[in-house]
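See below for query.txt, which holds compact mmCIF, C-alpha atoms.
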# COMPACT_ATOMS: atom_id res chain seq x y z
CA GLN O 1 9.57 -19.00 -2.92
CA TRP O 2 7.88 -15.77 -3.93
CA PRO O 3 5.11 -14.94 -4.45
CA TRP O 4 3.58 -16.61 -1.45
CA PRO O 5 0.15 -18.18 -1.86
CA ARG O 6 -2.42 -15.81 -0.38
CA TYR O 7 -3.63 -18.36 2.15
CA ARG O 8 -0.17 -18.01 3.73
CA LEU O 9 -0.55 -14.24 3.86
CA ALA O 10 -3.92 -14.92 5.50
CA LEU O 11 -2.21 -17.09 8.13
CA LEU O 12 0.27 -14.27 8.76
CA LEU O 13 -2.54 -11.73 9.21
CA GLU O 14 -4.42 -14.06 11.54
CA GLN O 15 -1.34 -14.49 13.71
CA LEU O 16 -0.74 -10.71 13.77
CA GLN O 17 -4.35 -10.27 14.83
CA ARG O 18 -3.86 -12.74 17.70
CA LEU O 19 -0.73 -10.82 18.76
CA GLY O 20 -2.78 -7.61 18.95
CA ALA O 21 -1.53 -5.65 15.93
CA ARG O 22 -3.20 -2.25 15.75
CA VAL O 23 -3.14 -1.91 11.95
CA VAL O 24 -1.48 -4.03 9.26
CA ALA O 25 -0.32 -2.44 5.98
CA LEU O 26 0.29 -4.76 3.03
CA ASP O 27 2.95 -3.24 0.78
CA ILE O 28 2.12 -5.82 -1.89
CA LEU O 29 0.18 -5.40 -5.15
CA MET O 30 -2.31 -8.17 -5.92
CA PRO O 31 -4.14 -7.10 -9.12
CA GLU O 32 -4.66 -10.65 -10.44
CA PRO O 33 -6.10 -13.92 -9.05
CA ASP O 34 -3.72 -16.10 -7.06
CA ARG O 35 -2.35 -18.61 -9.58
CA SER O 36 -1.29 -20.95 -6.79
CA SER O 37 -4.93 -21.38 -5.80
CA PRO O 38 -6.06 -24.93 -6.72
CA ASP O 39 -9.22 -23.73 -8.48
CA VAL O 40 -7.27 -21.18 -10.55
CA ILE O 41 -4.67 -23.82 -11.46
CA ALA O 42 -7.44 -26.17 -12.64
CA ARG O 43 -9.05 -23.47 -14.80
CA GLU O 44 -5.78 -22.37 -16.39
CA ARG O 45 -4.66 -25.95 -17.02
CA GLN O 46 -7.92 -26.69 -18.79
CA ARG O 47 -7.67 -23.46 -20.78
CA ASP O 48 -4.06 -24.06 -21.85
CA LEU O 49 -4.66 -27.68 -22.84
CA GLN O 50 -7.47 -26.50 -25.07
CA GLY O 51 -4.99 -24.32 -26.96
CA GLN O 52 -6.24 -21.02 -25.58
CA ILE O 53 -3.05 -20.04 -23.82
CA LEU O 54 -3.43 -16.32 -24.46
CA ALA O 55 -7.05 -16.16 -23.41
CA SER O 56 -7.87 -14.60 -20.08
CA SER O 57 -9.62 -16.46 -17.28
CA PRO O 58 -13.41 -16.06 -17.14
CA SER O 59 -14.54 -13.23 -14.91
CA GLY O 60 -16.38 -14.00 -11.72
CA THR O 61 -14.65 -17.34 -11.17
CA SER O 62 -13.54 -18.37 -7.70
CA ASP O 63 -10.13 -17.89 -6.15
CA SER O 64 -10.16 -19.64 -2.78
CA ASN O 65 -6.76 -18.30 -1.68
CA SER O 66 -7.82 -14.67 -2.21
CA GLN O 67 -11.12 -15.35 -0.47
CA ARG O 68 -9.24 -16.71 2.54
CA LEU O 69 -7.05 -13.59 2.59
CA ALA O 70 -10.10 -11.32 2.35
CA GLN O 71 -11.62 -13.05 5.38
CA ALA O 72 -8.42 -12.53 7.36
CA MET O 73 -8.32 -8.84 6.35
CA GLN O 74 -11.77 -8.32 7.87
CA ALA O 75 -10.52 -9.48 11.28
CA VAL O 76 -7.76 -6.86 11.63
CA PRO O 77 -7.66 -3.29 10.23
CA THR O 78 -5.72 -3.67 6.98
CA VAL O 79 -4.36 -1.20 4.43
CA LEU O 80 -3.68 -2.32 0.85
CA GLY O 81 -1.04 -0.85 -1.41
CA SER O 82 -1.81 0.46 -4.91
CA TYR O 83 0.31 2.03 -7.65
CA LEU O 84 -0.37 5.24 -9.57
CA GLN O 85 0.51 5.12 -13.27
CA PHE O 86 1.85 8.32 -14.84
CA PHE O 87 1.60 7.16 -18.43
CA GLU O 88 -1.43 6.76 -20.64
CA SER O 89 -2.65 3.17 -20.73
CA PRO O 90 -3.45 1.66 -24.16
CA ALA O 91 -6.74 0.51 -22.65
CA GLY O 92 -7.62 4.05 -21.61
CA PRO O 93 -8.50 5.24 -18.09
CA SER O 94 -9.81 2.68 -15.62
CA ALA O 95 -13.53 2.60 -14.94
CA VAL O 96 -12.89 1.51 -11.34
CA PRO O 97 -13.37 4.47 -8.97
CA PRO O 98 -10.24 5.43 -6.98
CA PRO O 99 -10.15 4.42 -3.31
CA PRO O 100 -11.51 6.94 -0.79
CA PHE O 101 -9.88 8.05 2.43
CA PRO O 102 -10.30 5.70 5.41
CA ALA O 103 -13.79 5.84 6.89
CA GLY O 104 -14.18 8.68 9.36
CA THR O 105 -11.52 10.92 7.80
CA VAL O 106 -12.43 14.60 7.65
CA PHE O 107 -10.38 16.08 4.80
CA SER O 108 -10.37 19.73 3.74
CA HIS O 109 -8.00 21.57 1.47
CA ASN O 110 -6.93 24.87 -0.01
CA THR O 111 -5.20 23.74 -3.17
CA GLN O 112 -4.23 26.86 -5.05
CA GLY O 113 -0.55 25.85 -4.83
CA THR O 114 -0.82 22.24 -6.05
CA LEU O 115 -0.61 22.88 -9.79
CA LEU O 116 2.92 21.41 -9.90
CA TRP O 117 1.86 18.13 -8.31
CA PRO O 118 2.11 15.06 -10.58
CA GLN O 119 -1.16 14.00 -12.19
CA ALA O 120 -1.60 10.25 -12.56
CA GLN O 121 -3.26 8.80 -15.66
CA GLY O 122 -4.39 5.56 -14.06
CA GLN O 123 -4.07 3.32 -11.04
CA LEU O 124 -3.20 -0.32 -10.43
CA ARG O 125 -5.22 -1.81 -7.55
CA SER O 126 -5.71 -5.25 -6.07
CA ILE O 127 -8.64 -7.45 -7.10
CA ALA O 128 -12.10 -6.50 -5.87
CA PRO O 129 -12.50 -9.09 -3.05
CA LEU O 130 -9.36 -7.70 -1.41
CA THR O 131 -10.10 -4.00 -1.89
CA GLN O 132 -13.61 -4.55 -0.52
CA ALA O 133 -12.19 -6.22 2.60
CA ALA O 134 -9.51 -3.58 3.22
CA GLY O 135 -10.01 -0.78 5.71
CA ALA O 136 -8.06 1.60 3.46
CA GLU O 137 -5.79 1.82 0.42
CA GLY O 138 -2.73 3.92 -0.26
CA PHE O 139 -0.36 4.39 -3.19
CA THR O 140 3.23 3.17 -2.93
CA ASN O 141 4.90 5.49 -5.48
CA ALA O 142 8.22 7.08 -4.53
CA LEU O 143 10.54 8.98 -6.87
CA GLN O 144 14.31 8.82 -6.52
CA ASP O 145 16.44 11.93 -6.92
CA ILE O 146 18.72 12.34 -9.93
CA ASP O 147 21.59 10.65 -8.05
CA GLY O 148 19.47 7.55 -7.44
CA LYS O 149 18.86 8.18 -3.74
CA LEU O 150 15.49 8.25 -2.02
CA ARG O 151 15.06 11.48 -0.03
CA ARG O 152 11.36 12.30 -0.29
CA VAL O 153 7.99 10.63 -0.78
CA PRO O 154 4.55 12.02 -1.66
CA LEU O 155 1.88 11.84 1.06
CA LEU O 156 -1.03 13.00 -1.08
CA LEU O 157 -1.60 12.97 -4.83
CA PRO O 158 -4.60 13.86 -7.01
CA HIS O 159 -6.97 11.11 -8.11
CA PRO O 160 -6.38 10.05 -11.73
CA ASP O 161 -9.93 11.22 -12.53
CA GLY O 162 -9.23 14.65 -11.03
CA THR O 163 -12.05 14.48 -8.47
CA GLY O 164 -9.94 14.82 -5.34
CA TYR O 165 -6.92 13.47 -3.49
CA GLN O 166 -5.80 10.13 -2.13
CA PRO O 167 -3.24 9.21 0.54
CA SER O 168 -0.02 7.26 0.32
CA LEU O 169 0.22 3.86 1.98
CA ALA O 170 1.98 5.42 4.98
CA LEU O 171 -0.58 8.21 5.41
CA ALA O 172 -3.55 5.87 4.92
CA THR O 173 -2.11 3.55 7.58
CA LEU O 174 -1.64 6.44 9.98
CA LEU O 175 -5.22 7.62 9.41
CA LEU O 176 -6.63 4.14 9.95
CA ALA O 177 -4.65 3.77 13.19
CA THR O 178 -5.70 7.07 14.77
CA LYS O 179 -8.93 8.66 15.97
CA PRO O 180 -10.10 11.27 15.20
CA GLN O 181 -8.84 11.66 11.64
CA HIS O 182 -8.69 15.34 10.78
CA LEU O 183 -6.64 16.24 7.72
CA HIS O 184 -6.24 19.68 6.13
CA LEU O 185 -4.04 20.55 3.16
CA GLN O 186 -2.91 24.18 3.11
CA ALA O 187 -1.13 25.02 -0.13
CA SER O 188 -0.02 28.39 -1.43
CA ALA O 189 2.52 29.78 -3.89
CA THR O 190 5.21 29.86 -1.18
CA GLU O 191 4.64 26.85 1.10
CA THR O 192 2.58 23.71 1.54
CA GLN O 193 1.63 22.11 4.84
CA LEU O 194 -0.44 19.09 5.77
CA HIS O 195 -2.21 19.55 9.10
CA TRP O 196 -2.99 16.28 10.88
CA ASN O 197 -4.52 16.15 14.37
CA GLY O 198 -2.62 19.22 15.58
CA HIS O 199 0.62 18.36 13.77
CA GLN O 200 2.04 20.41 10.90
CA ILE O 201 3.79 18.35 8.22
CA PRO O 202 5.83 20.45 5.74
CA LEU O 203 5.70 19.40 2.08
CA ASP O 204 7.69 20.62 -0.91
CA ARG O 205 6.15 22.20 -4.02
CA GLY O 206 5.50 18.74 -5.47
CA GLY O 207 3.65 17.54 -2.38
CA ASN O 208 6.56 15.44 -1.05
CA LEU O 209 7.68 14.85 2.52
CA LEU O 210 11.44 15.06 3.09
CA LEU O 211 12.49 11.84 4.83
CA ASP O 212 14.43 12.02 8.10
CA TRP O 213 16.98 9.22 7.80
CA ARG O 214 18.53 10.15 11.17
CA ARG O 215 15.68 8.53 13.10
CA GLN O 216 15.89 5.13 14.74
CA PRO O 217 15.18 2.42 12.13
CA PRO O 218 11.98 0.39 12.54
CA ASP O 219 11.85 -2.96 14.29
CA TYR O 220 12.28 -5.65 11.63
CA ILE O 221 10.68 -9.05 12.33
CA SER O 222 10.72 -12.01 9.97
CA ALA O 223 7.39 -13.40 8.83
CA GLN O 224 8.69 -16.84 9.78
CA ALA O 225 9.07 -15.75 13.41
CA VAL O 226 5.49 -14.48 13.45
CA LEU O 227 4.07 -17.63 11.84
CA GLN O 228 6.03 -19.90 14.20
CA ALA O 229 4.95 -17.81 17.23
CA THR O 230 8.54 -17.19 18.36
CA VAL O 231 8.24 -13.39 18.44
CA ALA O 232 7.59 -11.67 21.78
CA PRO O 233 3.95 -10.39 21.86
CA GLU O 234 5.00 -6.93 23.08
CA ARG O 235 6.83 -6.36 19.78
CA ILE O 236 3.48 -6.57 17.95
CA HIS O 237 0.78 -5.58 20.45
CA ASN O 238 -0.87 -2.23 19.58
CA LYS O 239 1.79 -1.56 16.92
CA ILE O 240 1.47 -0.58 13.26
CA VAL O 241 2.81 -3.53 11.24
CA LEU O 242 4.06 -3.16 7.67
CA VAL O 243 4.16 -6.41 5.68
CA GLY O 244 6.51 -6.25 2.72
CA THR O 245 9.10 -8.24 0.83
CA TRP O 246 12.79 -8.13 1.59
CA ALA O 247 14.89 -10.79 -0.11
CA ILE O 248 17.76 -11.05 -2.55
CA GLY O 249 16.50 -10.86 -6.13
CA LEU O 250 13.20 -9.06 -5.52
CA GLY O 251 14.74 -5.68 -6.34
CA ASP O 252 12.63 -3.44 -4.09
CA LEU O 253 15.62 -1.58 -2.63
CA HIS O 254 16.24 2.16 -2.34
CA LEU O 255 19.54 3.87 -1.63
CA ALA O 256 19.38 6.28 1.32
CA PRO O 257 21.59 9.39 1.56
CA SER O 258 23.46 7.72 4.42
CA GLY O 259 24.56 4.96 2.05
CA THR O 260 22.24 2.32 3.52
CA SER O 261 19.49 0.61 1.54

The structure given in the file should be rewritten as structure tokens.
Amino acid sequence: QWPWPRYRLALLLEQLQRLGARVVALDILMPEPDRSSPDVIARERQRDLQGQILASSPSGTSDSNSQRLAQAMQAVPTVLGSYLQFFESPAGPSAVPPPPFPAGTVFSHNTQGTLLWPQAQGQLRSIAPLTQAAGAEGFTNALQDIDGKLRRVPLLLPHPDGTGYQPSLALATLLLATKPQHLHLQASATETQLHWNGHQIPLDRGGNLLLDWRRQPPDYISAQAVLQATVAPERIHNKIVLVGTWAIGLGDLHLAPSGTS
């Protein structure tokens, strides 16, 4: 049953750490307390029985499941997903500062050609105990083409407050997994390139990377196999591990040009 309680995600991270995962990326948004946590259930039950069903939970209250997950995230380099919002929120812009690049990243840019890049109005991030425990954060936004197929994804986008740039989940994971972390954005009126550790990554005028669907697909492993310790250690050791959801009814599917999803 989804969503999983966060203590179970913690168990998964702990097992990945024992198997020697290099970096773990969580492609999951967790902006609210875990309502399967016993202490959160007790608070909400008391609140609802008092006839305050629409009231929010008091700030600063405990959430033992999220605390357990935060502890597990500190044991293995972990990247959290976030989501950029391109519409104006009724509550106005968030006062929470946007996440920085992973520690140790040297980022420089010449951005005279980025005027056509989308400008987010806000950002949805996980709760503070999790963002504070993460080694990095990256946005998960991806825009389908007019025919409904996914051909390109942004690697960098401006902060909602206009103070700089932030990486996608994939780029943040790559930066956290590699040393040194040198990143330079070279943008002009004719072309845009992202230079990373001697590699040149071509981007389109909107800052998107064209996906190469001809490559070998990644190695898919069920979370159950990891938790039950039935997966061969060499499939995890020193690898970048992406934890996401893939089940009927969750709806997070994209149609590739090849016809696969």

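The residue that comes closest to Ala172 (chain O), out of O:Glu44, O:Asp39, O:Asp34, O:Asp27 and on the basis of all atoms listed in the file, is O:Asp27.
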
Excluding Tyr83 (chain O) and any residue of its chain fewer than 3 positions from it, enumerate the residues within 7 Å of it, using all atoms listed in the file, and give them as a ChimeraX atom specification.
/O:123-125,139-141

What would the file look like if the residues just selected were written as a PDB file, in the coordinates of the input with C-alpha atoms?
ATOM      1  CA  GLN O 123      -4.070   3.320 -11.040  1.00  0.00           C
ATOM      2  CA  LEU O 124      -3.200  -0.320 -10.430  1.00  0.00           C
ATOM      3  CA  ARG O 125      -5.220  -1.810  -7.550  1.00  0.00           C
ATOM      4  CA  PHE O 139      -0.360   4.390  -3.190  1.00  0.00           C
ATOM      5  CA  THR O 140       3.230   3.170  -2.930  1.00  0.00           C
ATOM      6  CA  ASN O 141       4.900   5.490  -5.480  1.00  0.00           C
TER       7      ASN O 141
END

Nearest candidate to Ser126 (chain O) (options O:Pro217, O:Pro33, O:Pro77, O:Pro100; using all atoms listed in the file)
O:Pro33

For Gln67 (chain O), which of O:Leu26, O:Ala21, O:Leu12, O:Ala133 is the closest residue, counting all atoms listed in the file?
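Of O:Leu26, O:Ala21, O:Leu12, O:Ala133, the one nearest Gln67 (chain O) is O:Ala133, counting all atoms listed in the file.
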
Here CA of Gly206 (chain O) and CA of Ser82 (chain O) stand apart by 19.7 Å

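Counting only C-alpha atoms and comparing O:Leu49, O:Leu227, O:Leu194, O:Leu130, the residue that lies closest to Gln74 (chain O) is O:Leu130.
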
Give as a ChimeraX atom specification each residue that has an atom at most 12 Å from (-3.4, -10.1, 4.4) in the file, counting all atoms listed in the file.
/O:4-17,23-30,65-81,126,129-131,133-135,241-244
